[in-house]
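run15.pdb (PDB, C-alpha atoms, pLDDT in the B column) appears below.
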```pdb
ATOM      1  CA  MET K1389     -12.533  52.041  -7.719  1.00 50.00           C
ATOM      2  CA  ASN K1390     -13.421  50.932  -4.202  1.00 53.00           C
ATOM      3  CA  GLU K1391     -16.577  49.323  -5.505  1.00 52.00           C
ATOM      4  CA  GLU K1392     -14.514  47.269  -7.974  1.00 50.00           C
ATOM      5  CA  LYS K1393     -12.245  46.031  -5.177  1.00 48.00           C
ATOM      6  CA  THR K1394     -15.249  45.107  -3.074  1.00 50.00           C
ATOM      7  CA  ASP K1395     -16.804  43.164  -5.924  1.00 51.00           C
ATOM      8  CA  ALA K1396     -13.555  41.296  -6.538  1.00 45.00           C
ATOM      9  CA  ALA K1397     -13.210  40.419  -2.865  1.00 49.00           C
ATOM     10  CA  THR K1398     -16.762  39.169  -2.522  1.00 52.00           C
ATOM     11  CA  ARG K1399     -16.855  37.304  -5.845  1.00 51.00           C
ATOM     12  CA  PRO K1400     -16.889  33.537  -5.122  1.00 50.00           C
ATOM     13  CA  ARG K1401     -13.881  31.568  -6.258  1.00 51.00           C
ATOM     14  CA  ARG K1402     -14.381  29.027  -8.998  1.00 53.00           C
ATOM     15  CA  ARG K1403     -14.383  25.549  -7.545  1.00 59.00           C
ATOM     16  CA  GLY K1404     -12.306  22.835  -9.133  1.00 58.00           C
ATOM     17  CA  VAL K1405      -9.694  20.161  -8.539  1.00 63.00           C
ATOM     18  CA  PHE K1406      -5.981  20.005  -9.209  1.00 70.00           C
ATOM     19  CA  LEU K1407      -5.406  17.974 -12.340  1.00 68.00           C
ATOM     20  CA  LEU K1408      -1.847  16.631 -12.043  1.00 75.00           C
ATOM     21  CA  PRO K1409      -1.914  14.733  -8.704  1.00 78.00           C
ATOM     22  CA  ASN K1410      -5.446  13.486  -9.323  1.00 85.00           C
ATOM     23  CA  LEU K1411      -4.332  12.013 -12.650  1.00 89.00           C
ATOM     24  CA  PHE K1412      -1.968   9.735 -10.724  1.00 89.00           C
ATOM     25  CA  THR K1413      -4.741   8.893  -8.254  1.00 91.00           C
ATOM     26  CA  THR K1414      -7.046   8.045 -11.144  1.00 94.00           C
ATOM     27  CA  GLY K1415      -4.286   5.784 -12.428  1.00 94.00           C
ATOM     28  CA  VAL K1416      -4.334   3.968  -9.078  1.00 95.00           C
ATOM     29  CA  LEU K1417      -8.094   3.504  -9.355  1.00 96.00           C
ATOM     30  CA  PHE K1418      -7.843   2.351 -12.972  1.00 97.00           C
ATOM     31  CA  SER K1419      -5.085  -0.143 -12.145  1.00 97.00           C
ATOM     32  CA  GLY K1420      -7.143  -1.618  -9.320  1.00 97.00           C
ATOM     33  CA  PHE K1421     -10.204  -1.919 -11.543  1.00 97.00           C
ATOM     34  CA  PHE K1422      -8.131  -3.431 -14.354  1.00 98.00           C
ATOM     35  CA  ALA K1423      -6.676  -5.947 -11.904  1.00 98.00           C
ATOM     36  CA  VAL K1424     -10.180  -7.118 -10.994  1.00 97.00           C
ATOM     37  CA  VAL K1425     -11.199  -7.422 -14.664  1.00 98.00           C
ATOM     38  CA  SER K1426      -8.019  -9.394 -15.439  1.00 98.00           C
ATOM     39  CA  ALA K1427      -8.680 -11.756 -12.532  1.00 97.00           C
ATOM     40  CA  ILE K1428     -12.257 -12.317 -13.732  1.00 97.00           C
ATOM     41  CA  ASN K1429     -10.813 -13.247 -17.129  1.00 97.00           C
ATOM     42  CA  GLY K1430      -8.426 -15.690 -15.451  1.00 96.00           C
ATOM     43  CA  ASP K1431      -5.252 -13.677 -16.170  1.00 97.00           C
ATOM     44  CA  PHE K1432      -3.893 -13.584 -12.645  1.00 97.00           C
ATOM     45  CA  ILE K1433      -0.351 -12.546 -13.576  1.00 97.00           C
ATOM     46  CA  THR K1434      -1.630  -9.422 -15.326  1.00 97.00           C
ATOM     47  CA  ALA K1435      -3.909  -8.759 -12.353  1.00 98.00           C
ATOM     48  CA  ALA K1436      -0.960  -8.945  -9.942  1.00 97.00           C
ATOM     49  CA  ILE K1437       1.171  -6.665 -12.123  1.00 97.00           C
ATOM     50  CA  ALA K1438      -1.667  -4.122 -12.252  1.00 97.00           C
ATOM     51  CA  VAL K1439      -1.707  -3.942  -8.445  1.00 97.00           C
ATOM     52  CA  PHE K1440       2.045  -3.320  -8.378  1.00 97.00           C
ATOM     53  CA  VAL K1441       1.587  -0.571 -10.984  1.00 96.00           C
ATOM     54  CA  ALA K1442      -1.039   0.944  -8.680  1.00 96.00           C
ATOM     55  CA  MET K1443       1.546   0.926  -5.875  1.00 95.00           C
ATOM     56  CA  VAL K1444       4.006   2.920  -8.002  1.00 93.00           C
ATOM     57  CA  LEU K1445       1.342   5.462  -8.952  1.00 93.00           C
ATOM     58  CA  ASP K1446       0.175   5.699  -5.341  1.00 91.00           C
ATOM     59  CA  GLY K1447       3.694   6.555  -4.274  1.00 86.00           C
ATOM     60  CA  LEU K1448       3.853   9.322  -6.862  1.00 86.00           C
ATOM     61  CA  ASP K1449       0.539  11.159  -6.401  1.00 80.00           C
ATOM     62  CA  GLY K1450       1.285  12.480  -2.915  1.00 76.00           C
ATOM     63  CA  ARG K1451       4.835  13.483  -3.810  1.00 78.00           C
ATOM     64  CA  VAL K1452       3.649  15.269  -6.944  1.00 78.00           C
ATOM     65  CA  ALA K1453       1.025  17.127  -4.906  1.00 76.00           C
ATOM     66  CA  ARG K1454       3.651  18.277  -2.386  1.00 75.00           C
ATOM     67  CA  LEU K1455       6.181  19.271  -5.044  1.00 77.00           C
ATOM     68  CA  THR K1456       3.605  21.302  -6.980  1.00 79.00           C
ATOM     69  CA  ASN K1457       1.857  22.602  -3.833  1.00 79.00           C
ATOM     70  CA  THR K1458      -1.467  21.174  -5.015  1.00 76.00           C
ATOM     71  CA  GLN K1459      -2.577  19.323  -1.880  1.00 77.00           C
ATOM     72  CA  SER K1460      -6.298  19.423  -1.202  1.00 80.00           C
ATOM     73  CA  GLU K1461      -8.915  17.737   0.954  1.00 82.00           C
ATOM     74  CA  PHE K1462     -10.552  16.435  -2.200  1.00 85.00           C
ATOM     75  CA  GLY K1463      -7.286  14.833  -3.271  1.00 83.00           C
ATOM     76  CA  ALA K1464      -6.822  13.187   0.123  1.00 84.00           C
ATOM     77  CA  GLN K1465     -10.318  11.674   0.094  1.00 89.00           C
ATOM     78  CA  TYR K1466     -10.005  10.585  -3.526  1.00 90.00           C
ATOM     79  CA  ASP K1467      -6.665   8.955  -2.737  1.00 91.00           C
ATOM     80  CA  SER K1468      -8.166   6.947   0.143  1.00 91.00           C
ATOM     81  CA  LEU K1469     -11.062   5.703  -1.967  1.00 94.00           C
ATOM     82  CA  SER K1470      -8.714   4.711  -4.780  1.00 95.00           C
ATOM     83  CA  ASP K1471      -6.442   2.909  -2.311  1.00 95.00           C
ATOM     84  CA  LEU K1472      -9.403   0.938  -0.995  1.00 96.00           C
ATOM     85  CA  VAL K1473     -10.193  -0.287  -4.505  1.00 97.00           C
ATOM     86  CA  ALA K1474      -6.603  -1.017  -5.562  1.00 97.00           C
ATOM     87  CA  PHE K1475      -5.226  -2.405  -2.290  1.00 97.00           C
ATOM     88  CA  GLY K1476      -8.393  -3.639  -0.572  1.00 97.00           C
ATOM     89  CA  LEU K1477     -11.005  -4.905  -2.995  1.00 97.00           C
ATOM     90  CA  ALA K1478      -8.700  -5.868  -5.878  1.00 97.00           C
ATOM     91  CA  PRO K1479      -6.351  -8.187  -3.886  1.00 98.00           C
ATOM     92  CA  ALA K1480      -9.313  -9.730  -2.065  1.00 98.00           C
ATOM     93  CA  LEU K1481     -11.095 -10.518  -5.326  1.00 97.00           C
ATOM     94  CA  ILE K1482      -7.890 -11.739  -6.991  1.00 98.00           C
ATOM     95  CA  ALA K1483      -7.252 -14.167  -4.125  1.00 98.00           C
ATOM     96  CA  TYR K1484     -10.897 -15.278  -4.158  1.00 98.00           C
ATOM     97  CA  LEU K1485     -11.040 -15.878  -7.909  1.00 97.00           C
ATOM     98  CA  TRP K1486      -7.621 -17.545  -7.851  1.00 97.00           C
ATOM     99  CA  GLN K1487      -8.116 -20.162  -5.125  1.00 96.00           C
ATOM    100  CA  LEU K1488     -10.419 -19.073  -2.309  1.00 97.00           C
ATOM    101  CA  HIS K1489     -13.634 -19.698  -4.258  1.00 96.00           C
ATOM    102  CA  GLU K1490     -12.835 -23.422  -4.029  1.00 95.00           C
ATOM    103  CA  LEU K1491     -13.288 -23.219  -0.253  1.00 96.00           C
ATOM    104  CA  GLY K1492     -16.940 -22.178  -0.460  1.00 95.00           C
ATOM    105  CA  ASN K1493     -18.188 -19.917   2.322  1.00 97.00           C
ATOM    106  CA  LEU K1494     -14.826 -19.969   4.075  1.00 97.00           C
ATOM    107  CA  GLY K1495     -13.188 -18.549   0.959  1.00 97.00           C
ATOM    108  CA  TRP K1496     -15.440 -15.539   0.499  1.00 97.00           C
ATOM    109  CA  VAL K1497     -15.393 -14.824   4.226  1.00 97.00           C
ATOM    110  CA  ALA K1498     -11.581 -14.736   4.141  1.00 98.00           C
ATOM    111  CA  ALA K1499     -11.641 -12.422   1.126  1.00 98.00           C
ATOM    112  CA  PHE K1500     -14.195 -10.174   2.816  1.00 98.00           C
ATOM    113  CA  PHE K1501     -12.079 -10.106   5.976  1.00 98.00           C
ATOM    114  CA  TYR K1502      -9.123  -8.849   3.978  1.00 98.00           C
ATOM    115  CA  ALA K1503     -11.183  -6.152   2.236  1.00 97.00           C
ATOM    116  CA  THR K1504     -12.686  -5.037   5.557  1.00 97.00           C
ATOM    117  CA  SER K1505      -9.251  -4.941   7.181  1.00 97.00           C
ATOM    118  CA  ALA K1506      -7.998  -2.686   4.383  1.00 96.00           C
ATOM    119  CA  ALA K1507     -10.955  -0.329   4.873  1.00 96.00           C
ATOM    120  CA  LEU K1508     -10.396  -0.220   8.642  1.00 95.00           C
ATOM    121  CA  ARG K1509      -6.656   0.328   8.150  1.00 94.00           C
ATOM    122  CA  LEU K1510      -7.258   3.303   5.849  1.00 93.00           C
ATOM    123  CA  ALA K1511      -9.919   4.777   8.136  1.00 92.00           C
ATOM    124  CA  ARG K1512      -7.623   4.506  11.168  1.00 91.00           C
ATOM    125  CA  PHE K1513      -4.749   6.058   9.243  1.00 88.00           C
ATOM    126  CA  ASN K1514      -6.863   9.031   8.132  1.00 85.00           C
ATOM    127  CA  SER K1515      -8.390   9.618  11.568  1.00 86.00           C
ATOM    128  CA  ARG K1516      -4.981   9.650  13.322  1.00 79.00           C
ATOM    129  CA  LEU K1517      -3.027  11.478  10.652  1.00 73.00           C
ATOM    130  CA  ALA K1518      -2.475  14.585  12.788  1.00 65.00           C
ATOM    131  CA  VAL K1519      -1.379  12.823  15.970  1.00 60.00           C
ATOM    132  CA  THR K1520       0.705   9.837  14.888  1.00 67.00           C
ATOM    133  CA  ASP K1521       4.492   9.630  14.633  1.00 69.00           C
ATOM    134  CA  LYS K1522       5.299  10.237  10.966  1.00 75.00           C
ATOM    135  CA  ARG K1523       8.259   7.857  11.148  1.00 80.00           C
ATOM    136  CA  PHE K1524       6.095   4.799  11.742  1.00 83.00           C
ATOM    137  CA  PHE K1525       2.882   3.223  10.492  1.00 88.00           C
ATOM    138  CA  GLN K1526       0.482   1.488  12.859  1.00 89.00           C
ATOM    139  CA  GLY K1527      -0.261  -1.797  11.184  1.00 92.00           C
ATOM    140  CA  LEU K1528       0.987  -3.058   7.840  1.00 95.00           C
ATOM    141  CA  PRO K1529       0.227  -0.457   5.121  1.00 94.00           C
ATOM    142  CA  SER K1530      -2.434  -1.604   2.677  1.00 95.00           C
ATOM    143  CA  PRO K1531      -0.154  -1.368  -0.411  1.00 95.00           C
ATOM    144  CA  ALA K1532       2.424  -3.642   1.232  1.00 96.00           C
ATOM    145  CA  SER K1533      -0.313  -6.041   2.337  1.00 97.00           C
ATOM    146  CA  ALA K1534      -1.685  -6.126  -1.196  1.00 97.00           C
ATOM    147  CA  ALA K1535       1.825  -6.798  -2.516  1.00 97.00           C
ATOM    148  CA  VAL K1536       2.140  -9.867  -0.273  1.00 97.00           C
ATOM    149  CA  VAL K1537      -1.211 -11.262  -1.445  1.00 98.00           C
ATOM    150  CA  VAL K1538      -0.883 -10.628  -5.177  1.00 98.00           C
ATOM    151  CA  GLY K1539       2.858 -11.358  -5.081  1.00 97.00           C
ATOM    152  CA  THR K1540       2.034 -14.845  -3.804  1.00 97.00           C
ATOM    153  CA  VAL K1541      -0.436 -15.276  -6.667  1.00 97.00           C
ATOM    154  CA  TRP K1542       2.130 -14.015  -9.193  1.00 96.00           C
ATOM    155  CA  VAL K1543       4.912 -16.339  -8.001  1.00 96.00           C
ATOM    156  CA  ALA K1544       2.609 -19.364  -7.867  1.00 96.00           C
ATOM    157  CA  GLU K1545       1.260 -18.713 -11.363  1.00 95.00           C
ATOM    158  CA  ASP K1546       4.679 -17.886 -12.811  1.00 93.00           C
ATOM    159  CA  THR K1547       6.503 -20.922 -11.391  1.00 92.00           C
ATOM    160  CA  GLY K1548       3.663 -23.448 -11.318  1.00 90.00           C
ATOM    161  CA  LEU K1549       4.185 -23.819  -7.576  1.00 84.00           C
ATOM    162  CA  PHE K1550       2.079 -26.673  -6.123  1.00 87.00           C
ATOM    163  CA  ALA K1551       0.352 -27.001  -9.487  1.00 83.00           C
ATOM    164  CA  GLY K1552      -0.295 -30.666  -8.773  1.00 85.00           C
ATOM    165  CA  ALA K1553      -1.478 -30.035  -5.230  1.00 89.00           C
ATOM    166  CA  PRO K1554      -4.567 -27.801  -5.332  1.00 90.00           C
ATOM    167  CA  THR K1555      -5.287 -28.361  -1.642  1.00 94.00           C
ATOM    168  CA  ILE K1556      -1.933 -26.838  -0.692  1.00 94.00           C
ATOM    169  CA  LEU K1557      -2.576 -23.874  -2.977  1.00 94.00           C
ATOM    170  CA  MET K1558      -5.977 -23.248  -1.409  1.00 96.00           C
ATOM    171  CA  GLY K1559      -4.462 -23.426   2.069  1.00 96.00           C
ATOM    172  CA  LEU K1560      -1.664 -21.054   1.043  1.00 96.00           C
ATOM    173  CA  ALA K1561      -4.150 -18.533  -0.368  1.00 97.00           C
ATOM    174  CA  LEU K1562      -6.251 -18.736   2.798  1.00 97.00           C
ATOM    175  CA  VAL K1563      -3.339 -18.280   5.203  1.00 97.00           C
ATOM    176  CA  VAL K1564      -1.716 -15.436   3.248  1.00 97.00           C
ATOM    177  CA  THR K1565      -5.002 -13.535   2.812  1.00 98.00           C
ATOM    178  CA  VAL K1566      -6.028 -13.813   6.457  1.00 98.00           C
ATOM    179  CA  LEU K1567      -2.566 -13.015   7.850  1.00 97.00           C
ATOM    180  CA  ALA K1568      -2.243  -9.984   5.560  1.00 97.00           C
ATOM    181  CA  GLY K1569      -5.584  -8.717   6.860  1.00 97.00           C
ATOM    182  CA  VAL K1570      -4.581  -9.314  10.484  1.00 97.00           C
ATOM    183  CA  LEU K1571      -1.306  -7.423  10.048  1.00 96.00           C
ATOM    184  CA  MET K1572      -3.150  -4.424   8.594  1.00 96.00           C
ATOM    185  CA  VAL K1573      -5.411  -4.005  11.633  1.00 95.00           C
ATOM    186  CA  SER K1574      -2.725  -4.890  14.171  1.00 94.00           C
ATOM    187  CA  ASN K1575      -0.894  -2.408  16.390  1.00 90.00           C
ATOM    188  CA  LEU K1576       2.508  -3.440  15.054  1.00 92.00           C
ATOM    189  CA  ALA K1577       4.862  -0.617  14.123  1.00 89.00           C
ATOM    190  CA  TYR K1578       6.316  -0.376  10.622  1.00 91.00           C
ATOM    191  CA  PHE K1579       8.889   2.052   9.264  1.00 88.00           C
ATOM    192  CA  SER K1580       7.211   4.639   7.055  1.00 82.00           C
ATOM    193  CA  PHE K1581      10.484   5.839   5.406  1.00 75.00           C
ATOM    194  CA  LYS K1582       8.943   9.327   5.308  1.00 68.00           C
ATOM    195  CA  ASP K1583      11.914  10.819   7.141  1.00 59.00           C
ATOM    196  CA  MET K1584      14.402   9.702   4.492  1.00 60.00           C
ATOM    197  CA  ASP K1585      16.111  12.644   2.799  1.00 57.00           C
ATOM    198  CA  PHE K1586      17.218  11.671  -0.700  1.00 55.00           C
ATOM    199  CA  ARG K1587      18.963  15.014  -1.208  1.00 58.00           C
ATOM    200  CA  HIS K1588      21.781  14.181   1.210  1.00 60.00           C
ATOM    201  CA  ARG K1589      24.801  12.072   0.435  1.00 65.00           C
ATOM    202  CA  VAL K1590      24.743   8.363   1.218  1.00 60.00           C
ATOM    203  CA  PRO K1591      27.568   5.799   1.557  1.00 68.00           C
ATOM    204  CA  PHE K1592      28.801   4.300  -1.689  1.00 67.00           C
ATOM    205  CA  PHE K1593      27.791   0.844  -0.462  1.00 66.00           C
ATOM    206  CA  ALA K1594      24.161   1.999  -0.217  1.00 64.00           C
ATOM    207  CA  MET K1595      24.193   2.913  -3.901  1.00 70.00           C
ATOM    208  CA  LEU K1596      25.639  -0.482  -4.773  1.00 77.00           C
ATOM    209  CA  ALA K1597      22.920  -2.175  -2.730  1.00 74.00           C
ATOM    210  CA  VAL K1598      20.203  -0.284  -4.608  1.00 74.00           C
ATOM    211  CA  VAL K1599      21.717  -1.248  -7.954  1.00 82.00           C
ATOM    212  CA  GLY K1600      21.948  -4.874  -6.813  1.00 80.00           C
ATOM    213  CA  VAL K1601      18.285  -4.975  -5.810  1.00 75.00           C
ATOM    214  CA  LEU K1602      17.253  -3.444  -9.143  1.00 78.00           C
ATOM    215  CA  MET K1603      19.306  -6.034 -11.018  1.00 83.00           C
ATOM    216  CA  LEU K1604      17.723  -8.900  -9.084  1.00 78.00           C
ATOM    217  CA  ALA K1605      14.265  -7.431  -9.634  1.00 77.00           C
ATOM    218  CA  ALA K1606      14.944  -7.261 -13.368  1.00 80.00           C
ATOM    219  CA  LEU K1607      16.052 -10.902 -13.448  1.00 84.00           C
ATOM    220  CA  ASP K1608      13.059 -12.301 -11.557  1.00 89.00           C
ATOM    221  CA  PRO K1609      10.488  -9.608 -10.648  1.00 91.00           C
ATOM    222  CA  PRO K1610       7.811 -11.764  -8.937  1.00 93.00           C
ATOM    223  CA  LYS K1611      10.174 -13.566  -6.563  1.00 93.00           C
ATOM    224  CA  VAL K1612      12.238 -10.499  -5.675  1.00 91.00           C
ATOM    225  CA  LEU K1613       9.200  -8.272  -5.097  1.00 93.00           C
ATOM    226  CA  LEU K1614       7.471 -10.908  -2.981  1.00 95.00           C
ATOM    227  CA  ALA K1615      10.631 -11.501  -0.934  1.00 94.00           C
ATOM    228  CA  CYS K1616      11.060  -7.761  -0.295  1.00 92.00           C
ATOM    229  CA  PHE K1617       7.492  -7.280   0.888  1.00 95.00           C
ATOM    230  CA  ILE K1618       7.522 -10.417   3.023  1.00 96.00           C
ATOM    231  CA  LEU K1619      10.641  -9.088   4.751  1.00 95.00           C
ATOM    232  CA  TYR K1620       8.881  -5.749   5.272  1.00 95.00           C
ATOM    233  CA  ALA K1621       5.816  -7.533   6.697  1.00 95.00           C
ATOM    234  CA  LEU K1622       8.068  -9.446   9.101  1.00 94.00           C
ATOM    235  CA  SER K1623       9.873  -6.250  10.124  1.00 93.00           C
ATOM    236  CA  GLY K1624       6.776  -5.070  12.001  1.00 92.00           C
ATOM    237  CA  PRO K1625       6.819  -7.748  14.711  1.00 91.00           C
ATOM    238  CA  MET K1626      10.593  -7.410  15.079  1.00 91.00           C
ATOM    239  CA  LEU K1627      10.462  -3.616  15.327  1.00 87.00           C
ATOM    240  CA  THR K1628       7.593  -3.729  17.823  1.00 84.00           C
ATOM    241  CA  LEU K1629       9.445  -6.292  19.939  1.00 87.00           C
ATOM    242  CA  GLU K1630      12.601  -4.155  19.926  1.00 84.00           C
ATOM    243  CA  ARG K1631      10.668  -1.013  20.934  1.00 78.00           C
ATOM    244  CA  TRP K1632       8.953  -2.945  23.730  1.00 81.00           C
ATOM    245  CA  ARG K1633      12.327  -4.248  24.953  1.00 82.00           C
ATOM    246  CA  ARG K1634      13.811  -0.740  25.037  1.00 81.00           C
ATOM    247  CA  HIS K1635      10.777   0.642  26.839  1.00 74.00           C
ATOM    248  CA  ARG K1636      10.981  -2.114  29.434  1.00 76.00           C
ATOM    249  CA  SER K1637      14.721  -1.586  29.982  1.00 76.00           C
ATOM    250  CA  ARG K1638      14.181   2.164  30.573  1.00 77.00           C
ATOM    251  CA  ARG K1639      11.494   1.469  33.167  1.00 74.00           C
ATOM    252  CA  SER K1640      13.707  -1.016  35.007  1.00 65.00           C
TER     253      SER K1640
END
```
Starting from the coordinates I provided, produce the structure as structure tokens.
Amino acid sequence: MNEEKTDAATRPRRRGVFLLPNLFTTGVLFSGFFAVVSAINGDFITAAIAVFVAMVLDGLDGRVARLTNTQSEFGAQYDSLSDLVAFGLAPALIAYLWQLHELGNLGWVAAFFYATSAALRLARFNSRLAVTDKRFFQGLPSPASAAVVVGTVWVAEDTGLFAGAPTILMGLALVVTVLAGVLMVSNLAYFSFKDMDFRHRVPFFAMLAVVGVLMLAALDPPKVLLACFILYALSGPMLTLERWRRHRSRRS
């Protein structure tokens, strides 16, 4: 009997991965890859939508892992690599194939800068995961940055914005891509919303506001989504300025 217990204790565990959360992560990777393929085929609206789908799936994989208690180091690394494809390489290539390729060397350098910024942002996030304040992100999160870039592409393609002025479109693509990359590697603070507890009661007005946003998003998804993520991108400088002002007032 004792020998059986010893054998069971020393028998190596079978190695494997948790299926459910990694299915969502694979969906993120697939959406990013599909976005690149769509952009190569010239379907930039579908490419932009695929990146937004990747954002939804990316928001679900971690929550599913926590709810089912299936977190793992493999899942964390796989998630980071998938995020780099969906929110780093895919938006950079979409912007390049959309307008930046017309700028020659300047265009691919801008696209590469964005992709590199996304990689650096993810590496910094992973390396400081245990010591950072969970309530805030340092730098614009890569999904939000990707939403600004591909949201601009989506709105321009959907509305025909500056269709008769290709120079303006190229300049817009260049500015948006570079600024999105700069915000990712900046030290600006952004709300993470990780401390929000959806199980508690909220004011009735908050529920009405959520319904209103959903209705607007249903009426005109590209414009509403782009507006929301631009506001979030602008919240970083304002939040950082407010925190600096409070810190200065306490010292004085």
>> Residues near Asn1410 of chain K, anyone? I mean within 12 Å using all atoms listed in the file, not counting same-chain ones fewer than 2 positions away, as a ChimeraX atom specification.
In response: /K:1404-1408,1412-1418,1445-1446,1448-1453,1458-1468,1470
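Of the listed residues (K:Ala1499, K:Leu1491, K:Val1601, K:Leu1510), K:Leu1510 comes nearest to Leu1528 of chain K; the distances count all atoms listed in the file.
Take atom CA of Asp1608 of chain K and atom CA of Ser1426 of chain K: the distance between them is 21.6 Å.
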Evaluate the PyMOL selection byres ((chain K and resi 1560-1573) around 7) on the structure here and hand back the selected residues as a PDB file with C-alpha atoms, in the frame of the given file.
```pdb
ATOM      1  CA  ALA K1483      -7.252 -14.167  -4.125  1.00 98.00           C
ATOM      2  CA  GLN K1487      -8.116 -20.162  -5.125  1.00 96.00           C
ATOM      3  CA  LEU K1488     -10.419 -19.073  -2.309  1.00 97.00           C
ATOM      4  CA  ALA K1498     -11.581 -14.736   4.141  1.00 98.00           C
ATOM      5  CA  ALA K1499     -11.641 -12.422   1.126  1.00 98.00           C
ATOM      6  CA  PHE K1501     -12.079 -10.106   5.976  1.00 98.00           C
ATOM      7  CA  TYR K1502      -9.123  -8.849   3.978  1.00 98.00           C
ATOM      8  CA  SER K1505      -9.251  -4.941   7.181  1.00 97.00           C
ATOM      9  CA  ALA K1506      -7.998  -2.686   4.383  1.00 96.00           C
ATOM     10  CA  LEU K1508     -10.396  -0.220   8.642  1.00 95.00           C
ATOM     11  CA  ARG K1509      -6.656   0.328   8.150  1.00 94.00           C
ATOM     12  CA  GLY K1527      -0.261  -1.797  11.184  1.00 92.00           C
ATOM     13  CA  LEU K1528       0.987  -3.058   7.840  1.00 95.00           C
ATOM     14  CA  PRO K1529       0.227  -0.457   5.121  1.00 94.00           C
ATOM     15  CA  SER K1530      -2.434  -1.604   2.677  1.00 95.00           C
ATOM     16  CA  SER K1533      -0.313  -6.041   2.337  1.00 97.00           C
ATOM     17  CA  VAL K1537      -1.211 -11.262  -1.445  1.00 98.00           C
ATOM     18  CA  ILE K1556      -1.933 -26.838  -0.692  1.00 94.00           C
ATOM     19  CA  LEU K1557      -2.576 -23.874  -2.977  1.00 94.00           C
ATOM     20  CA  MET K1558      -5.977 -23.248  -1.409  1.00 96.00           C
ATOM     21  CA  GLY K1559      -4.462 -23.426   2.069  1.00 96.00           C
ATOM     22  CA  SER K1574      -2.725  -4.890  14.171  1.00 94.00           C
ATOM     23  CA  ASN K1575      -0.894  -2.408  16.390  1.00 90.00           C
TER      24      ASN K1575
END
```
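Between atom CA of Ile1482 of chain K and atom CA of Val1424 of chain K the interatomic distance comes to 6.5 Å.
Atom pair atom CA of Arg1454 of chain K / atom CA of Ala1423 of chain K has a distance of 28.0 Å (rounded to one decimal).
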How close does each residue of segment 1469-1580 of chain K get to segment 1610-1619 of chain K, giving the shortest atom pair and distance in Å to one decimal for every residue with an atom at most 10 Å away, counting all atoms listed in the file, sorted by chain and residue number, as CSV?
```
residue,atom,partner,partner_atom,distance
K:Pro1531,CA,K:Phe1617,CA,9.8
K:Ala1532,CA,K:Phe1617,CA,6.2
K:Ser1533,CA,K:Phe1617,CA,8.0
K:Ala1534,CA,K:Phe1617,CA,9.5
K:Ala1535,CA,K:Phe1617,CA,6.6
K:Val1536,CA,K:Phe1617,CA,6.1
K:Val1537,CA,K:Leu1614,CA,8.8
K:Val1538,CA,K:Leu1614,CA,8.6
K:Gly1539,CA,K:Leu1614,CA,5.1
K:Thr1540,CA,K:Leu1614,CA,6.8
K:Val1541,CA,K:Pro1610,CA,9.2
K:Trp1542,CA,K:Pro1610,CA,6.1
K:Val1543,CA,K:Pro1610,CA,5.5
K:Ala1544,CA,K:Pro1610,CA,9.3
K:Glu1545,CA,K:Pro1610,CA,9.9
K:Asp1546,CA,K:Pro1610,CA,7.9
K:Thr1547,CA,K:Lys1611,CA,9.5
```
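Among the candidate residues K:Pro1554, K:Pro1409, K:Gly1624, K:Pro1609, the one lying nearest to Asn1457 of chain K is K:Pro1409, with distances computed using all atoms listed in the file.
If you measure from each of K:Leu1469, K:Arg1636, K:Asn1429, K:Glu1490 to Thr1555 of chain K using all atoms listed in the file, the closest one turns out to be K:Glu1490.
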